[in-house]
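**Student:** Below is the file model.cif, with mmCIF, N, CA and C atoms.
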```
data_start
loop_
_atom_site.label_atom_id
_atom_site.label_comp_id
_atom_site.auth_asym_id
_atom_site.auth_seq_id
_atom_site.Cartn_x
_atom_site.Cartn_y
_atom_site.Cartn_z
N MET A 147 -99.56 109.61 111.64
CA MET A 147 -98.74 110.07 110.54
C MET A 147 -99.60 110.66 109.43
N LEU A 148 -100.75 110.03 109.17
CA LEU A 148 -101.65 110.52 108.13
C LEU A 148 -102.18 111.91 108.49
N SER A 149 -102.53 112.12 109.76
CA SER A 149 -103.05 113.43 110.16
C SER A 149 -101.99 114.52 109.99
N LEU A 150 -100.74 114.19 110.26
CA LEU A 150 -99.65 115.16 110.07
C LEU A 150 -99.51 115.51 108.59
N PHE A 151 -99.63 114.52 107.73
CA PHE A 151 -99.57 114.75 106.29
C PHE A 151 -100.72 115.63 105.84
N LEU A 152 -101.92 115.37 106.33
CA LEU A 152 -103.08 116.17 105.94
C LEU A 152 -102.94 117.62 106.40
N LYS A 153 -102.38 117.82 107.59
CA LYS A 153 -102.16 119.18 108.08
C LYS A 153 -101.15 119.92 107.20
N SER A 154 -100.09 119.24 106.80
CA SER A 154 -99.09 119.88 105.94
C SER A 154 -99.67 120.14 104.56
N LEU A 155 -100.57 119.29 104.11
CA LEU A 155 -101.22 119.49 102.83
C LEU A 155 -102.10 120.75 102.85
N LEU A 156 -102.78 120.98 103.97
CA LEU A 156 -103.58 122.20 104.11
C LEU A 156 -102.71 123.45 104.01
N GLY A 157 -101.56 123.42 104.66
CA GLY A 157 -100.63 124.55 104.59
C GLY A 157 -100.12 124.77 103.17
N ALA A 158 -99.80 123.69 102.49
CA ALA A 158 -99.31 123.79 101.11
C ALA A 158 -100.40 124.35 100.20
N LEU A 159 -101.64 123.94 100.39
CA LEU A 159 -102.74 124.46 99.59
C LEU A 159 -102.93 125.96 99.83
N ALA A 160 -102.77 126.39 101.07
CA ALA A 160 -102.90 127.81 101.38
C ALA A 160 -101.81 128.60 100.66
N VAL A 161 -100.59 128.11 100.68
CA VAL A 161 -99.47 128.79 100.00
C VAL A 161 -99.73 128.83 98.50
N LEU A 162 -100.21 127.76 97.93
CA LEU A 162 -100.53 127.73 96.50
C LEU A 162 -101.62 128.74 96.16
N LEU A 163 -102.65 128.80 96.96
CA LEU A 163 -103.73 129.76 96.74
C LEU A 163 -103.23 131.20 96.83
N ILE A 164 -102.38 131.47 97.81
CA ILE A 164 -101.80 132.81 97.94
C ILE A 164 -100.99 133.16 96.70
N ALA A 165 -100.17 132.22 96.23
CA ALA A 165 -99.34 132.47 95.05
C ALA A 165 -100.20 132.73 93.82
N LEU A 166 -101.25 131.96 93.64
CA LEU A 166 -102.13 132.16 92.49
C LEU A 166 -102.87 133.49 92.58
N LEU A 167 -103.39 133.81 93.74
CA LEU A 167 -104.13 135.06 93.90
C LEU A 167 -103.23 136.27 93.73
N SER A 168 -101.99 136.17 94.16
CA SER A 168 -101.08 137.32 94.06
C SER A 168 -100.80 137.71 92.61
N LYS A 169 -101.05 136.81 91.68
CA LYS A 169 -100.81 137.08 90.26
C LYS A 169 -102.09 137.48 89.53
N SER A 170 -103.21 137.49 90.23
CA SER A 170 -104.49 137.79 89.60
C SER A 170 -104.84 139.28 89.71
N LYS A 171 -105.94 139.67 89.04
CA LYS A 171 -106.41 141.05 89.15
C LYS A 171 -106.88 141.35 90.57
N SER A 172 -107.27 140.33 91.28
CA SER A 172 -107.73 140.49 92.67
C SER A 172 -106.61 140.10 93.63
N PHE A 173 -105.40 140.60 93.37
CA PHE A 173 -104.21 140.25 94.16
C PHE A 173 -104.39 140.51 95.65
N PHE A 174 -105.19 141.49 96.01
CA PHE A 174 -105.38 141.86 97.41
C PHE A 174 -106.05 140.76 98.23
N ILE A 175 -106.77 139.87 97.56
CA ILE A 175 -107.42 138.75 98.26
C ILE A 175 -106.37 137.81 98.85
N ALA A 176 -105.16 137.84 98.31
CA ALA A 176 -104.08 137.02 98.86
C ALA A 176 -103.84 137.35 100.33
N GLY A 177 -104.17 138.58 100.75
CA GLY A 177 -104.03 138.97 102.15
C GLY A 177 -105.11 138.40 103.05
N LEU A 178 -106.18 137.89 102.46
CA LEU A 178 -107.26 137.28 103.25
C LEU A 178 -107.00 135.80 103.52
N VAL A 179 -106.33 135.14 102.60
CA VAL A 179 -106.11 133.69 102.72
C VAL A 179 -105.40 133.30 104.03
N PRO A 180 -104.35 134.02 104.45
CA PRO A 180 -103.70 133.61 105.70
C PRO A 180 -104.62 133.71 106.92
N LEU A 181 -105.71 134.45 106.78
CA LEU A 181 -106.63 134.60 107.90
C LEU A 181 -107.68 133.50 107.94
N PHE A 182 -107.70 132.62 106.92
CA PHE A 182 -108.58 131.46 107.01
C PHE A 182 -108.10 130.63 108.19
N PRO A 183 -109.01 130.21 109.05
CA PRO A 183 -108.57 129.59 110.32
C PRO A 183 -108.10 128.14 110.20
N THR A 184 -107.28 127.85 109.21
CA THR A 184 -106.76 126.48 109.04
C THR A 184 -106.11 125.97 110.31
N PHE A 185 -105.13 126.71 110.80
CA PHE A 185 -104.39 126.26 111.97
C PHE A 185 -105.19 126.46 113.24
N ALA A 186 -106.04 127.48 113.25
CA ALA A 186 -106.92 127.68 114.41
C ALA A 186 -107.89 126.51 114.56
N LEU A 187 -108.41 126.02 113.44
CA LEU A 187 -109.31 124.85 113.49
C LEU A 187 -108.59 123.65 114.09
N ILE A 188 -107.36 123.44 113.65
CA ILE A 188 -106.58 122.32 114.18
C ILE A 188 -106.33 122.51 115.67
N ALA A 189 -105.88 123.72 116.05
CA ALA A 189 -105.60 124.01 117.46
C ALA A 189 -106.85 123.87 118.31
N HIS A 190 -107.97 124.42 117.84
CA HIS A 190 -109.20 124.36 118.62
C HIS A 190 -109.73 122.93 118.73
N TYR A 191 -109.59 122.16 117.67
CA TYR A 191 -110.00 120.76 117.74
C TYR A 191 -109.16 120.01 118.76
N LEU A 192 -107.84 120.20 118.71
CA LEU A 192 -106.96 119.49 119.65
C LEU A 192 -107.22 119.93 121.09
N VAL A 193 -107.34 121.23 121.32
CA VAL A 193 -107.62 121.71 122.68
C VAL A 193 -108.99 121.22 123.12
N GLY A 194 -109.98 121.28 122.21
CA GLY A 194 -111.33 120.86 122.54
C GLY A 194 -111.47 119.38 122.85
N THR A 195 -110.62 118.55 122.25
CA THR A 195 -110.70 117.11 122.50
C THR A 195 -109.79 116.66 123.63
N GLU A 196 -108.73 117.42 123.91
CA GLU A 196 -107.76 116.99 124.92
C GLU A 196 -107.89 117.74 126.24
N ARG A 197 -108.65 118.84 126.25
CA ARG A 197 -108.79 119.65 127.45
C ARG A 197 -110.26 119.97 127.67
N THR A 198 -110.54 120.88 128.57
CA THR A 198 -111.93 121.21 128.88
C THR A 198 -112.45 122.29 127.93
N LEU A 199 -113.78 122.47 127.94
CA LEU A 199 -114.37 123.53 127.13
C LEU A 199 -113.97 124.91 127.65
N ALA A 200 -113.73 125.01 128.95
CA ALA A 200 -113.22 126.28 129.51
C ALA A 200 -111.85 126.59 128.92
N ASP A 201 -111.02 125.59 128.75
CA ASP A 201 -109.70 125.79 128.14
C ASP A 201 -109.85 126.19 126.67
N LEU A 202 -110.84 125.62 125.99
CA LEU A 202 -111.10 126.00 124.61
C LEU A 202 -111.50 127.47 124.53
N ARG A 203 -112.35 127.92 125.46
CA ARG A 203 -112.75 129.33 125.48
C ARG A 203 -111.56 130.24 125.72
N VAL A 204 -110.67 129.86 126.62
CA VAL A 204 -109.47 130.66 126.88
C VAL A 204 -108.59 130.70 125.63
N THR A 205 -108.47 129.59 124.94
CA THR A 205 -107.69 129.53 123.71
C THR A 205 -108.28 130.47 122.65
N ALA A 206 -109.61 130.46 122.54
CA ALA A 206 -110.27 131.35 121.57
C ALA A 206 -110.06 132.82 121.96
N LEU A 207 -110.15 133.12 123.24
CA LEU A 207 -109.95 134.49 123.70
C LEU A 207 -108.53 134.95 123.41
N PHE A 208 -107.55 134.08 123.68
CA PHE A 208 -106.16 134.42 123.37
C PHE A 208 -106.00 134.65 121.86
N GLY A 209 -106.70 133.85 121.07
CA GLY A 209 -106.66 134.03 119.62
C GLY A 209 -107.16 135.41 119.21
N LEU A 210 -108.19 135.90 119.89
CA LEU A 210 -108.68 137.25 119.60
C LEU A 210 -107.60 138.29 119.93
N TYR A 211 -106.98 138.14 121.08
CA TYR A 211 -105.92 139.07 121.46
C TYR A 211 -104.71 138.97 120.52
N SER A 212 -104.50 137.79 119.94
CA SER A 212 -103.35 137.62 119.04
C SER A 212 -103.52 138.39 117.74
N LEU A 213 -104.72 138.90 117.50
CA LEU A 213 -104.92 139.75 116.33
C LEU A 213 -104.20 141.09 116.49
N LEU A 214 -103.92 141.50 117.72
CA LEU A 214 -103.23 142.78 117.95
C LEU A 214 -101.83 142.80 117.36
N PRO A 215 -100.98 141.79 117.61
CA PRO A 215 -99.66 141.80 116.95
C PRO A 215 -99.77 141.73 115.43
N TYR A 216 -100.76 141.01 114.93
CA TYR A 216 -100.95 140.92 113.49
C TYR A 216 -101.35 142.29 112.92
N ALA A 217 -102.23 142.99 113.63
CA ALA A 217 -102.62 144.33 113.19
C ALA A 217 -101.41 145.26 113.21
N ALA A 218 -100.58 145.16 114.23
CA ALA A 218 -99.37 145.97 114.29
C ALA A 218 -98.46 145.67 113.11
N TYR A 219 -98.34 144.40 112.76
CA TYR A 219 -97.55 143.99 111.60
C TYR A 219 -98.09 144.64 110.33
N LEU A 220 -99.40 144.52 110.12
CA LEU A 220 -100.00 145.07 108.90
C LEU A 220 -99.85 146.59 108.82
N LEU A 221 -100.05 147.26 109.94
CA LEU A 221 -99.87 148.71 109.97
C LEU A 221 -98.42 149.08 109.67
N ALA A 222 -97.50 148.30 110.21
CA ALA A 222 -96.08 148.55 109.96
C ALA A 222 -95.74 148.34 108.49
N VAL A 223 -96.25 147.27 107.89
CA VAL A 223 -95.99 147.04 106.46
C VAL A 223 -96.53 148.22 105.65
N TYR A 224 -97.74 148.64 105.95
CA TYR A 224 -98.33 149.75 105.22
C TYR A 224 -97.48 151.02 105.36
N TRP A 225 -97.17 151.37 106.58
CA TRP A 225 -96.44 152.62 106.84
C TRP A 225 -94.99 152.54 106.34
N LEU A 226 -94.31 151.45 106.65
CA LEU A 226 -92.90 151.32 106.28
C LEU A 226 -92.68 151.20 104.78
N SER A 227 -93.68 150.69 104.06
CA SER A 227 -93.52 150.52 102.61
C SER A 227 -93.38 151.85 101.89
N TYR A 228 -93.79 152.93 102.52
CA TYR A 228 -93.58 154.26 101.94
C TYR A 228 -92.13 154.74 102.14
N ARG A 229 -91.43 154.14 103.07
CA ARG A 229 -90.12 154.65 103.46
C ARG A 229 -88.94 153.73 103.14
N PHE A 230 -89.22 152.43 103.00
CA PHE A 230 -88.14 151.45 102.82
C PHE A 230 -88.43 150.53 101.64
N GLU A 231 -87.39 149.81 101.23
CA GLU A 231 -87.54 148.76 100.22
C GLU A 231 -88.25 147.56 100.85
N LEU A 232 -88.64 146.62 100.00
CA LEU A 232 -89.47 145.48 100.44
C LEU A 232 -88.85 144.68 101.57
N VAL A 233 -87.60 144.26 101.42
CA VAL A 233 -86.99 143.39 102.43
C VAL A 233 -86.88 144.11 103.77
N ALA A 234 -86.48 145.38 103.75
CA ALA A 234 -86.39 146.14 104.99
C ALA A 234 -87.78 146.33 105.61
N THR A 235 -88.76 146.62 104.78
CA THR A 235 -90.13 146.79 105.27
C THR A 235 -90.61 145.52 105.97
N LEU A 236 -90.46 144.39 105.31
CA LEU A 236 -90.95 143.13 105.89
C LEU A 236 -90.14 142.72 107.12
N SER A 237 -88.85 142.98 107.09
CA SER A 237 -88.01 142.64 108.24
C SER A 237 -88.39 143.47 109.46
N LEU A 238 -88.53 144.77 109.26
CA LEU A 238 -88.90 145.64 110.38
C LEU A 238 -90.32 145.32 110.89
N ALA A 239 -91.22 145.07 109.97
CA ALA A 239 -92.59 144.73 110.37
C ALA A 239 -92.62 143.43 111.16
N THR A 240 -91.78 142.48 110.77
CA THR A 240 -91.71 141.21 111.50
C THR A 240 -91.14 141.42 112.91
N LEU A 241 -90.15 142.29 113.02
CA LEU A 241 -89.63 142.64 114.35
C LEU A 241 -90.71 143.29 115.21
N ILE A 242 -91.49 144.15 114.61
CA ILE A 242 -92.60 144.79 115.34
C ILE A 242 -93.60 143.74 115.78
N TRP A 243 -93.93 142.79 114.89
CA TRP A 243 -94.83 141.70 115.28
C TRP A 243 -94.24 140.93 116.46
N GLY A 244 -92.96 140.62 116.39
CA GLY A 244 -92.31 139.86 117.46
C GLY A 244 -92.36 140.60 118.79
N GLY A 245 -92.10 141.90 118.76
CA GLY A 245 -92.18 142.68 119.99
C GLY A 245 -93.59 142.72 120.55
N CYS A 246 -94.57 142.92 119.68
CA CYS A 246 -95.97 142.94 120.12
C CYS A 246 -96.41 141.57 120.63
N ALA A 247 -95.96 140.52 119.96
CA ALA A 247 -96.31 139.16 120.40
C ALA A 247 -95.68 138.87 121.76
N ALA A 248 -94.44 139.29 121.97
CA ALA A 248 -93.78 139.10 123.27
C ALA A 248 -94.51 139.87 124.36
N LEU A 249 -94.91 141.10 124.05
CA LEU A 249 -95.66 141.89 125.01
C LEU A 249 -97.00 141.25 125.33
N LEU A 250 -97.66 140.72 124.32
CA LEU A 250 -98.93 140.02 124.52
C LEU A 250 -98.73 138.81 125.43
N LEU A 251 -97.70 138.01 125.17
CA LEU A 251 -97.45 136.83 125.99
C LEU A 251 -97.14 137.19 127.43
N LEU A 252 -96.29 138.19 127.62
CA LEU A 252 -95.97 138.61 128.99
C LEU A 252 -97.21 139.11 129.72
N THR A 253 -98.01 139.89 129.03
CA THR A 253 -99.25 140.41 129.63
C THR A 253 -100.22 139.28 129.92
N TRP A 254 -100.36 138.37 128.97
CA TRP A 254 -101.29 137.24 129.13
C TRP A 254 -100.87 136.36 130.29
N LEU A 255 -99.59 136.06 130.38
CA LEU A 255 -99.13 135.20 131.47
C LEU A 255 -99.36 135.83 132.84
N ARG A 256 -99.39 137.13 132.88
CA ARG A 256 -99.60 137.81 134.16
C ARG A 256 -101.09 137.96 134.50
N PHE A 257 -101.93 138.23 133.50
CA PHE A 257 -103.33 138.56 133.75
C PHE A 257 -104.32 137.59 133.15
N ALA A 258 -103.88 136.44 132.65
CA ALA A 258 -104.75 135.51 131.93
C ALA A 258 -105.86 134.96 132.81
N PRO A 259 -107.01 134.66 132.18
CA PRO A 259 -108.06 133.98 132.91
C PRO A 259 -107.57 132.61 133.38
N VAL A 260 -107.94 132.24 134.56
CA VAL A 260 -107.52 130.95 135.12
C VAL A 260 -108.63 129.93 134.88
N THR A 261 -108.22 128.75 134.39
CA THR A 261 -109.19 127.67 134.20
C THR A 261 -108.89 126.57 135.19
N ALA A 262 -109.91 125.80 135.50
CA ALA A 262 -109.75 124.72 136.48
C ALA A 262 -109.09 123.52 135.90
#
```
Rewrite the coordinates I just gave you, this time as structure tokens.
**Tutor:**
Amino acid sequence: MLSLFLKSLLGALAVLLIALLSKSKSFFIAGLVPLFPTFALIAHYLVGTERTLADLRVTALFGLYSLLPYAAYLLAVYWLSYRFELVATLSLATLIWGGCAALLLLTWLRFAPVTA
């Protein structure tokens, strides 16, 4: 129970940091905070302790590929923000992320590296 609380505290701290940075002169740094590997550290620790190191490597590789849907999201936000209001921009960009993430999962499940 304590570990679950600590994990939620990390998420809350990240949200607080994003909120504070978004109001500062360096507001753009708020876009870097979500990329801090808070949840990746948790996932990699759990996979690394509960599975093999080969499984950890596959998890890390999938994490690299998961940057593609995120990049598509960011490109969509950038491009769509010239054409739509905020809510429409973010909604459409999220749909694009979802489509790219689904495509990634389907591709990964078909061609993923096999671990023992």
**Student:** Can you give me, as an MDAnalysis selection string, the residues this file yields under the PyMOL selection byres ((chain A and resi 178-187) around 8)?
**Tutor:** chainID A and resid 156:157 160:161 163:164 173:177 188:193
**Student:** Which residue out of A:Ala247, A:Leu232, A:Leu226, A:Leu199 has the minimum interatomic distance to Tyr211 in chain A when only C-alpha atoms are used?
**Tutor:**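 Nearest to Tyr211 in chain A: A:Ala247.
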**Student:** Could you tell me, as a list of chain:residue names, exactly which residues end up selected when the PyMOL selection byres (((chain A and resi 246 and name CA) around 12) and name CA) is applied to this structure?
**Tutor:**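 On the file shown, the PyMOL selection byres (((chain A and resi 246 and name CA) around 12) and name CA) covers A:Tyr211, A:Ser212, A:Leu213, A:Leu214, A:Pro215, A:Tyr216, A:Ala217, A:Ala218, A:Tyr219, A:Ala222, A:Ala239, A:Thr240, A:Leu241, A:Ile242, A:Trp243, A:Gly244, A:Gly245, A:Ala247, A:Ala248, A:Leu249, A:Leu250, A:Leu251, A:Leu252, A:Thr253, A:Trp254.
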**Student:** How many Å lie between atom C of Pro259 in chain A and CA of Val204 in chain A, rounded to one decimal?
**Tutor:**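 So the two atoms, atom C of Pro259 in chain A and CA of Val204 in chain A, lie 7.0 Å apart.
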**Student:** Just the number, please: distance in Å from CA of Ser170 in chain A to CA of Leu220 in chain A, one decimal.
**Tutor:**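 Between CA of Ser170 in chain A and CA of Leu220 in chain A the gap works out to 21.1 Å.
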**Student:** Quick check, in Å to one decimal: how far apart do CA of Leu210 in chain A and atom N of Val223 in chain A lie?
**Tutor:**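 These two atoms are separated by 19.8 Å.
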**Student:** Hey, what does DSSP flag as alpha helix (DSSP H) within chain A? Can you give it to me as a ChimeraX atom specification?
**Tutor:** /A:148-168,184-196,199-211,213-226,232-257
